[in-house]
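Here the structure comes first, spelled out in structure tokens, and everything after it is commentary.
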Amino acid sequence: MVVGDIATGTEVLIIGGGPGGYVAAIRAGQLGLDVTLVEKDAYGGTCLNDGCIPSKALIHGTNLAHEVNNAEAMGIHARADVDLKGLVGWKDGVVDQLTSGVEKLCKANGVNLVQGRAEFVDENTARVAHGGEGQGSETIEFEHAIVATGSRPIQLPGLEFDGEHILSSKDVLDLDELPDSMVVVGGGYIGMELSTVLAKLGCEVTVVEMLDDILPGYQDDVTRIVRGRAEELGVEFTFGEAAQGWEEVGGQARVTTETEDGETFEYDADKVLVAVGRQAVTDTVASEAAGLEPNDAGFLETDHQARTDVEHIFAVGDVAGEPMLAHKAYKEGHVAAEVIAGEPAALDYQAVPAAVFTDPEIGTVGMTESEAEEAGFDPIVGEMPLRASGRALTLGTDEGFVRIVADEETKFVLGAQIVSPDASELIAEVGLAIEMGAQLEDIAATIHTHPTLSEAVGEAAANARGEATHTLNR
Ligand code: FAD
Ligand code: NAD
């Protein structure tokens, strides 16, 4: 113990107050465990403060203005001018409401909240430095620990964040003035969501992606629609070039890129967003002091109960591996708390949905057709194009589809890929179907409200059975 330390003890020490940590804390509190949650910055972590929530707030505000400005075909002639400071201020209000809600929920569930940075001293002890000068520190002995320290953006060598020219996603979410032009390095989740926002606000966007398409891992017919729509919004793409560095020229940033063959190119813009992935945070907790060793990718590996190699220490959320999604962190936090409380909980990743909040949105869950084949199934596929959906047309769109994948033999639903407005919501029905072991008929025979986009989910299932009535059967 260090001089000036207070010594305390807890049954469960949780390090990190993001979606993984705060959900674990609340669930552990509900189960009657004595819980201490330590957060060094702001409760809610990346998701609430710098990620999901602020980005989705800006996406919504921007979509609203964009729709108003592009509704001539509906006889609506209007001009919505976006005051970026006002929009960012509204977004900050949403964030504050949610983060204070997290604190209240933790307290209401008996969680002891400690503000400061926790570091392992050994397998059963951590020290918490309480922030600023003279704030003191605390040594906490624990029976179980949950590491929920999340992730941070990868720094690209040669394009390190400086908050002025080279921006992280957090910097972009807090801009109070719209740059005239932006180079976006990386056409992944963040690159595509934020390029769409920037382009709709009127910024000239160039996406530099080192692979040959956007959104690695998504199928070609999914990315084609999203990329095409982004191009209509004015986003320019360059593929097969990796960003290497930059220099300041006339107050702007000149980004250099290189192809695999060594050819180089340059792109000038007022600002550069670097969004080339995120890496696990283990260095803030001195993980080695507790006997935890990150794998080659930097993650703390866990078993099906979120347990690390050290029997009484768990890891949840981004620090525990891909996919780095808030709802996956929630689930792992839940399971870790229940396992510590002695419940028979376990993780099951077969129905983890993913959504990309582009225009249109993408929603996926479970397997694609080729993944189903690789897994040894004989897949059947049903599709409903949005151009055959009455609801899509009333929303002014006809681009996109709902696709459902099932097993030919058993008709069990295996997965879905949706490109549509609100695909992030629509995908939930198929996630539930997979969780419940539903068959195609269960979805096809469910009466969906008319006219809604959800009818397309029912029609895609009917299409796989050769019984669709609003589209031609395959
Ligand atoms: P985090 O949310 O990163 O929280 C970790 C917490 O640990 C932080 O608050 C940190 O301060 C704290 N911490 C670290 N070290 C210590 C220490 N030693 N002591 C005390 N505290 C410590 N996911 C989605 O599912 N949907 C989305 O729409 C989505 N949008 C995103 C948009 C952006 C721009 C970004 C960047 C991410 C987005 N994500 C989204 C990903 C999502 O934010 C993460 O998957 C999620 O936040 C992970 O939760 P976590 O609890 O593991 O970690
Ligand atoms: P990402 O992994 O989604 O995309 C990174 C992209 O950068 C890839 O396409 C990669 O090929 C490209 N790239 C890497 N190095 C490059 C270089 N030198 N030059 C050009 N391109 C390069 O990562 P991200 O967009 O930073 O997002 C990080 C994570 O945050 C995501 O993987 C996801 O887990 C999470 N996230 C989720 C959501 C959501 O759920 N809607 C939204 C945002 C972020």
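FYI, nothing fancy with the structure tokens labels: chains A, B, ... in order, residues from 1 per chain, ligands from 1 as they appear.
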
Surrounding residues of stretch 393-407 of chain A excluding itself and chain neighbours under 5 positions, 6 Å, only C-alpha atoms, as a list in words: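 Counting only C-alpha atoms, the residues come to Asp378, Pro379, Ile380, Val381, Gly382, Glu383, Met384, Pro385, Leu386, Arg387, Phe412, Val413, Leu414, Gly415, Ala416, Gln417, Ile418, Val419, Ser420 and Ala460 of chain A.
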
Next, write the just-selected residues to a file, as a tab-separated table (two decimals), in the first residue's frame, keeping all heavy atoms as the atom set.
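Result file out-v6.tsv:
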```
chain	number	residue	atom	x	y	z
A	378	ASP	N	-27.23	-26.67	-46.32
A	378	ASP	CA	-27.64	-26.54	-47.70
A	378	ASP	C	-28.62	-25.36	-47.70
A	378	ASP	O	-29.82	-25.54	-47.46
A	378	ASP	CB	-28.33	-27.86	-48.12
A	378	ASP	CG	-28.69	-27.85	-49.58
A	378	ASP	OD1	-28.24	-26.93	-50.28
A	378	ASP	OD2	-29.43	-28.75	-50.01
A	379	PRO	N	-28.10	-24.13	-47.93
A	379	PRO	CA	-28.96	-22.97	-47.68
A	379	PRO	C	-30.00	-22.69	-48.76
A	379	PRO	O	-29.74	-22.94	-49.94
A	379	PRO	CB	-27.97	-21.81	-47.59
A	379	PRO	CG	-26.75	-22.27	-48.29
A	379	PRO	CD	-26.73	-23.75	-48.31
A	380	ILE	N	-31.15	-22.19	-48.34
A	380	ILE	CA	-32.09	-21.59	-49.30
A	380	ILE	C	-32.21	-20.12	-48.92
A	380	ILE	O	-32.08	-19.76	-47.75
A	380	ILE	CB	-33.50	-22.23	-49.30
A	380	ILE	CG1	-33.98	-22.54	-47.87
A	380	ILE	CG2	-33.59	-23.39	-50.20
A	380	ILE	CD1	-35.45	-22.89	-47.84
A	381	VAL	N	-32.49	-19.31	-49.95
A	381	VAL	CA	-32.46	-17.87	-49.74
A	381	VAL	C	-33.76	-17.27	-50.27
A	381	VAL	O	-34.24	-17.67	-51.32
A	381	VAL	CB	-31.25	-17.27	-50.49
A	381	VAL	CG1	-31.28	-15.75	-50.45
A	381	VAL	CG2	-29.95	-17.77	-49.88
A	382	GLY	N	-34.33	-16.34	-49.53
A	382	GLY	CA	-35.50	-15.61	-50.02
A	382	GLY	C	-35.20	-14.13	-49.98
A	382	GLY	O	-34.48	-13.65	-49.10
A	383	GLU	N	-35.74	-13.40	-50.97
A	383	GLU	CA	-35.44	-11.97	-51.02
A	383	GLU	C	-36.68	-11.16	-51.31
A	383	GLU	O	-37.59	-11.62	-52.00
A	383	GLU	CB	-34.43	-11.71	-52.15
A	383	GLU	CG	-33.11	-11.21	-51.60
A	383	GLU	CD	-32.06	-11.04	-52.67
A	383	GLU	OE1	-32.30	-10.28	-53.63
A	383	GLU	OE2	-31.02	-11.69	-52.53
A	384	MET	N	-36.73	-9.96	-50.80
A	384	MET	CA	-37.78	-9.01	-51.15
A	384	MET	C	-37.08	-7.69	-51.49
A	384	MET	O	-36.44	-7.08	-50.62
A	384	MET	CB	-38.70	-8.81	-49.93
A	384	MET	CG	-39.66	-7.66	-50.05
A	384	MET	SD	-41.02	-8.00	-51.22
A	384	MET	CE	-42.06	-6.58	-50.89
A	385	PRO	N	-37.15	-7.28	-52.76
A	385	PRO	CA	-36.53	-5.99	-53.11
A	385	PRO	C	-37.41	-4.84	-52.59
A	385	PRO	O	-38.65	-4.94	-52.61
A	385	PRO	CB	-36.51	-6.01	-54.64
A	385	PRO	CG	-37.56	-6.98	-55.04
A	385	PRO	CD	-37.80	-7.93	-53.90
A	386	LEU	N	-36.80	-3.76	-52.18
A	386	LEU	CA	-37.61	-2.64	-51.64
A	386	LEU	C	-38.49	-2.00	-52.70
A	386	LEU	O	-39.50	-1.39	-52.37
A	386	LEU	CB	-36.70	-1.57	-51.03
A	386	LEU	CG	-36.08	-1.83	-49.67
A	386	LEU	CD1	-35.72	-0.53	-48.99
A	386	LEU	CD2	-36.94	-2.67	-48.75
A	387	ARG	N	-38.11	-2.15	-53.99
A	387	ARG	CA	-38.96	-1.53	-55.02
A	387	ARG	C	-40.35	-2.16	-55.06
A	387	ARG	O	-41.28	-1.59	-55.61
A	387	ARG	CB	-38.29	-1.55	-56.40
A	387	ARG	CG	-38.04	-2.90	-56.96
A	387	ARG	CD	-37.44	-2.89	-58.36
A	387	ARG	NE	-37.25	-4.27	-58.77
A	387	ARG	CZ	-36.22	-5.03	-58.43
A	387	ARG	NH1	-35.25	-4.51	-57.69
A	387	ARG	NH2	-36.15	-6.29	-58.80
A	412	PHE	N	-34.86	-24.05	-40.72
A	412	PHE	CA	-34.48	-23.14	-39.64
A	412	PHE	C	-33.86	-21.88	-40.22
A	412	PHE	O	-33.07	-21.94	-41.17
A	412	PHE	CB	-33.47	-23.78	-38.69
A	412	PHE	CG	-34.08	-24.77	-37.74
A	412	PHE	CD1	-33.56	-26.05	-37.59
A	412	PHE	CD2	-35.20	-24.41	-36.98
A	412	PHE	CE1	-34.14	-26.96	-36.72
A	412	PHE	CE2	-35.78	-25.33	-36.11
A	412	PHE	CZ	-35.26	-26.61	-35.98
A	413	VAL	N	-34.20	-20.73	-39.65
A	413	VAL	CA	-33.65	-19.45	-40.11
A	413	VAL	C	-32.20	-19.36	-39.63
A	413	VAL	O	-31.91	-19.58	-38.45
A	413	VAL	CB	-34.48	-18.27	-39.56
A	413	VAL	CG1	-33.87	-16.94	-39.97
A	413	VAL	CG2	-35.93	-18.39	-40.03
A	414	LEU	N	-31.30	-19.02	-40.56
A	414	LEU	CA	-29.86	-18.97	-40.22
A	414	LEU	C	-29.30	-17.56	-40.22
A	414	LEU	O	-28.30	-17.29	-39.56
A	414	LEU	CB	-29.06	-19.80	-41.23
A	414	LEU	CG	-29.39	-21.29	-41.32
A	414	LEU	CD1	-28.60	-21.94	-42.47
A	414	LEU	CD2	-29.05	-21.99	-40.00
A	415	GLY	N	-29.93	-16.66	-40.98
A	415	GLY	CA	-29.35	-15.32	-41.04
A	415	GLY	C	-30.16	-14.40	-41.92
A	415	GLY	O	-31.13	-14.81	-42.57
A	416	ALA	N	-29.76	-13.12	-41.93
A	416	ALA	CA	-30.40	-12.15	-42.81
A	416	ALA	C	-29.46	-11.01	-43.11
A	416	ALA	O	-28.58	-10.68	-42.29
A	416	ALA	CB	-31.69	-11.61	-42.18
A	417	GLN	N	-29.64	-10.42	-44.29
A	417	GLN	CA	-28.92	-9.21	-44.67
A	417	GLN	C	-29.97	-8.23	-45.18
A	417	GLN	O	-30.75	-8.58	-46.06
A	417	GLN	CB	-27.89	-9.48	-45.78
A	417	GLN	CG	-26.79	-10.49	-45.39
A	417	GLN	CD	-27.23	-11.94	-45.54
A	417	GLN	OE1	-27.83	-12.30	-46.54
A	417	GLN	NE2	-26.94	-12.78	-44.55
A	418	ILE	N	-30.00	-7.05	-44.57
A	418	ILE	CA	-31.02	-6.07	-44.94
A	418	ILE	C	-30.34	-4.74	-45.30
A	418	ILE	O	-29.46	-4.27	-44.58
A	418	ILE	CB	-32.00	-5.85	-43.76
A	418	ILE	CG1	-32.65	-7.18	-43.36
A	418	ILE	CG2	-33.06	-4.82	-44.12
A	418	ILE	CD1	-33.63	-7.09	-42.20
A	419	VAL	N	-30.74	-4.18	-46.43
A	419	VAL	CA	-30.29	-2.84	-46.82
A	419	VAL	C	-31.56	-2.04	-47.01
A	419	VAL	O	-32.33	-2.30	-47.93
A	419	VAL	CB	-29.48	-2.87	-48.14
A	419	VAL	CG1	-28.91	-1.48	-48.43
A	419	VAL	CG2	-28.37	-3.90	-48.08
A	420	SER	N	-31.79	-1.07	-46.13
A	420	SER	CA	-33.10	-0.41	-46.12
A	420	SER	C	-33.09	0.73	-45.10
A	420	SER	O	-32.27	0.69	-44.17
A	420	SER	CB	-34.15	-1.46	-45.69
A	420	SER	OG	-35.34	-0.86	-45.28
A	460	ALA	N	-39.74	-11.84	-47.60
A	460	ALA	CA	-38.47	-12.53	-47.93
A	460	ALA	C	-38.55	-13.98	-47.45
A	460	ALA	O	-38.10	-14.90	-48.15
A	460	ALA	CB	-37.30	-11.80	-47.29
```

Could you name the residues that touch stretch 123-126 of chain A at 10 Å or less, counting only C-alpha atoms, but leaving out those on the same chain fewer than 6 positions away, as a PyMOL selection string? chain A and resi 1+8-9+13+15+117+138-145+285-292+310-313

Residues as selected, C-alpha atoms, written as a short mmCIF file (atom, residue, chain, number, x, y, z; two decimals), in the first residue's frame, can you do that?
```
data_model
loop_
_atom_site.label_atom_id
_atom_site.label_comp_id
_atom_site.auth_asym_id
_atom_site.auth_seq_id
_atom_site.Cartn_x
_atom_site.Cartn_y
_atom_site.Cartn_z
CA MET A 1 0.00 0.00 0.00
CA THR A 8 -11.09 -1.04 0.82
CA GLY A 9 -12.42 -4.39 -0.29
CA LEU A 13 -14.19 -4.91 -9.00
CA ILE A 15 -12.67 -1.54 -14.35
CA ARG A 117 -7.80 5.11 -12.92
CA GLU A 138 -7.27 3.85 -2.92
CA THR A 139 -6.15 0.23 -2.72
CA ILE A 140 -8.99 -2.17 -3.41
CA GLU A 141 -8.84 -5.87 -2.64
CA PHE A 142 -11.21 -7.91 -4.77
CA GLU A 143 -12.48 -11.45 -5.02
CA HIS A 144 -13.41 -11.15 -8.71
CA ALA A 145 -12.54 -8.53 -11.30
CA VAL A 285 -4.66 -1.28 -16.07
CA ALA A 286 -1.22 -2.86 -15.84
CA SER A 287 -2.87 -6.11 -16.90
CA GLU A 288 0.41 -8.05 -16.58
CA ALA A 289 0.47 -7.40 -12.80
CA ALA A 290 -2.63 -9.59 -12.53
CA GLY A 291 -1.14 -12.27 -14.79
CA LEU A 292 -3.18 -11.24 -17.84
CA VAL A 310 -6.87 -16.06 -14.60
CA GLU A 311 -9.79 -17.96 -13.05
CA HIS A 312 -11.38 -15.09 -11.07
CA ILE A 313 -10.77 -12.30 -13.63
#
```

Pick out the residues no farther than 6 Å from ligand 1, counting only C-alpha atoms and all ligand atoms, and list them as an MDAnalysis selection string. chainID A and resid 15:21 38:43 45:47 51:52 55 116:119 148:151 169 190 284:285 317:319 324:327 329

Which of these, A:Asn49, A:Gln219, A:Thr257, A:Ser181, has the shortest distance to A:Thr206 once you count only C-alpha atoms?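 Among A:Asn49, A:Gln219, A:Thr257, A:Ser181, it is A:Ser181 that comes nearest to A:Thr206.
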
Select the residues contacting ligand 2 at a distance of at most 6 Å, based on only C-alpha atoms and all ligand atoms, then format the selection as a PyMOL selection string. chain A and resi 185-191+208-211+214-216+242-243+275-278+323-325+354-357

Would you write out those residues with N, CA and C atoms, as an mmCIF file, in the first residue's frame?
```cif
data_model
loop_
_atom_site.group_PDB
_atom_site.id
_atom_site.type_symbol
_atom_site.label_atom_id
_atom_site.label_comp_id
_atom_site.auth_asym_id
_atom_site.auth_seq_id
_atom_site.Cartn_x
_atom_site.Cartn_y
_atom_site.Cartn_z
ATOM 1 N N VAL A 185 -9.776 8.702 -44.122
ATOM 2 C CA VAL A 185 -8.916 7.540 -44.316
ATOM 3 C C VAL A 185 -9.599 6.340 -43.673
ATOM 4 N N GLY A 186 -10.002 5.370 -44.503
ATOM 5 C CA GLY A 186 -10.708 4.186 -44.011
ATOM 6 C C GLY A 186 -12.181 4.246 -44.369
ATOM 7 N N GLY A 187 -12.616 3.263 -45.172
ATOM 8 C CA GLY A 187 -14.033 3.201 -45.568
ATOM 9 C C GLY A 187 -14.759 2.122 -44.796
ATOM 10 N N GLY A 188 -14.467 2.020 -43.488
ATOM 11 C CA GLY A 188 -15.144 1.050 -42.622
ATOM 12 C C GLY A 188 -16.386 1.663 -42.001
ATOM 13 N N TYR A 189 -16.764 1.137 -40.834
ATOM 14 C CA TYR A 189 -17.965 1.613 -40.153
ATOM 15 C C TYR A 189 -17.938 3.128 -39.934
ATOM 16 N N ILE A 190 -16.867 3.600 -39.289
ATOM 17 C CA ILE A 190 -16.827 5.021 -38.921
ATOM 18 C C ILE A 190 -16.681 5.880 -40.171
ATOM 19 N N GLY A 191 -15.771 5.464 -41.068
ATOM 20 C CA GLY A 191 -15.545 6.236 -42.287
ATOM 21 C C GLY A 191 -16.830 6.417 -43.069
ATOM 22 N N VAL A 208 -10.404 7.502 -48.702
ATOM 23 C CA VAL A 208 -9.237 6.750 -49.161
ATOM 24 C C VAL A 208 -9.264 5.398 -48.461
ATOM 25 N N GLU A 209 -9.455 4.319 -49.228
ATOM 26 C CA GLU A 209 -9.574 2.986 -48.631
ATOM 27 C C GLU A 209 -8.517 2.079 -49.268
ATOM 28 N N MET A 210 -7.779 1.365 -48.408
ATOM 29 C CA MET A 210 -6.674 0.562 -48.977
ATOM 30 C C MET A 210 -7.152 -0.718 -49.651
ATOM 31 N N LEU A 211 -8.334 -1.219 -49.276
ATOM 32 C CA LEU A 211 -8.855 -2.420 -49.931
ATOM 33 C C LEU A 211 -9.609 -2.006 -51.202
ATOM 34 N N ILE A 214 -15.617 -0.671 -49.837
ATOM 35 C CA ILE A 214 -15.916 -0.173 -48.494
ATOM 36 C C ILE A 214 -16.359 -1.341 -47.604
ATOM 37 N N LEU A 215 -16.454 -1.102 -46.337
ATOM 38 C CA LEU A 215 -17.041 -2.005 -45.343
ATOM 39 C C LEU A 215 -16.596 -3.459 -45.500
ATOM 40 N N PRO A 216 -15.321 -3.743 -45.182
ATOM 41 C CA PRO A 216 -14.830 -5.112 -45.322
ATOM 42 C C PRO A 216 -15.728 -6.105 -44.579
ATOM 43 N N ALA A 242 -3.208 2.949 -49.696
ATOM 44 C CA ALA A 242 -3.093 3.094 -48.241
ATOM 45 C C ALA A 242 -2.517 4.466 -47.923
ATOM 46 N N ALA A 243 -3.166 5.171 -46.992
ATOM 47 C CA ALA A 243 -2.647 6.484 -46.583
ATOM 48 C C ALA A 243 -1.347 6.267 -45.821
ATOM 49 N N ALA A 275 -9.846 6.846 -39.626
ATOM 50 C CA ALA A 275 -10.710 5.832 -38.995
ATOM 51 C C ALA A 275 -10.321 4.478 -39.567
ATOM 52 N N VAL A 276 -9.204 3.954 -39.061
ATOM 53 C CA VAL A 276 -8.644 2.710 -39.612
ATOM 54 C C VAL A 276 -8.743 1.556 -38.614
ATOM 55 N N GLY A 277 -9.722 1.637 -37.747
ATOM 56 C CA GLY A 277 -9.946 0.564 -36.778
ATOM 57 C C GLY A 277 -9.616 1.004 -35.361
ATOM 58 N N ARG A 278 -9.917 0.122 -34.410
ATOM 59 C CA ARG A 278 -9.693 0.426 -32.990
ATOM 60 C C ARG A 278 -8.905 -0.718 -32.357
ATOM 61 N N PRO A 323 -16.664 -8.893 -32.387
ATOM 62 C CA PRO A 323 -16.878 -7.573 -32.964
ATOM 63 C C PRO A 323 -16.931 -6.505 -31.871
ATOM 64 N N MET A 324 -16.376 -5.348 -32.172
ATOM 65 C CA MET A 324 -16.370 -4.270 -31.172
ATOM 66 C C MET A 324 -17.689 -3.506 -31.274
ATOM 67 N N LEU A 325 -18.702 -4.064 -30.659
ATOM 68 C CA LEU A 325 -20.044 -3.485 -30.718
ATOM 69 C C LEU A 325 -20.608 -3.381 -29.311
ATOM 70 N N ALA A 354 -25.527 -6.750 -36.428
ATOM 71 C CA ALA A 354 -24.661 -5.586 -36.671
ATOM 72 C C ALA A 354 -25.448 -4.628 -37.541
ATOM 73 N N ALA A 355 -25.239 -3.345 -37.321
ATOM 74 C CA ALA A 355 -25.917 -2.354 -38.161
ATOM 75 C C ALA A 355 -24.928 -1.267 -38.535
ATOM 76 N N VAL A 356 -25.017 -0.816 -39.778
ATOM 77 C CA VAL A 356 -24.222 0.337 -40.192
ATOM 78 C C VAL A 356 -25.234 1.429 -40.516
ATOM 79 N N PHE A 357 -25.045 2.600 -39.878
ATOM 80 C CA PHE A 357 -26.058 3.657 -39.974
ATOM 81 C C PHE A 357 -25.729 4.610 -41.117
#
```

Please run DSSP on the backbone and report, as a ChimeraX atom specification, all residues within stretch 227-446 of chain A that come out as helix (DSSP H, G or I). /A:227-232,283-285,287-290,317-320,326-340,369-374,386-388,390-394,423-436,440-444

Taking the backbone alone, and naming residues the way the document does, which bits of stretch 93-252 of chain A are strand (DSSP E or B) by DSSP, as a VMD selection string? chain A and resid 112 to 115 117 to 122 125 to 129 137 to 147 151 to 153 156 159 166 to 167 181 to 185 204 to 209 236 to 239 242 to 249 252

For atom CA of A:Gly437 and atom CA of A:Phe377, quote the distance in Å rounded to one decimal.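 Rounded to one decimal, the two atoms are 15.1 Å apart.
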
When you count only C-alpha atoms, which of these residues is closest to A:Arg224: A:Ala253, A:Ala65, A:Val352, A:Ile362? A:Ile362

Mind checking which residues fall within 10 Å of stretch 153-166 of chain A, counting only C-alpha atoms, ignoring those fewer than 3 positions away in the same chain, and posting them as a ChimeraX atom specification? /A:169-172,182-185,243-248,251-256,269-281

12 Å contact set for stretch 467-470 of chain A, only C-alpha atoms, chain neighbours under 3 positions out, as JSON, numbers by chain: {"A": [382, 383, 384, 385, 386, 387, 388, 389, 390, 440, 441, 444, 445, 455, 456, 457, 458, 459, 460, 461, 462, 463, 464, 473, 474]}

I'd like to know which of A:Gly29, A:Pro294, A:Gly61, A:Pro353 is closest to A:Ile427, using only C-alpha atoms.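 Residue with the minimum atom-to-atom distance to A:Ile427: A:Pro353.
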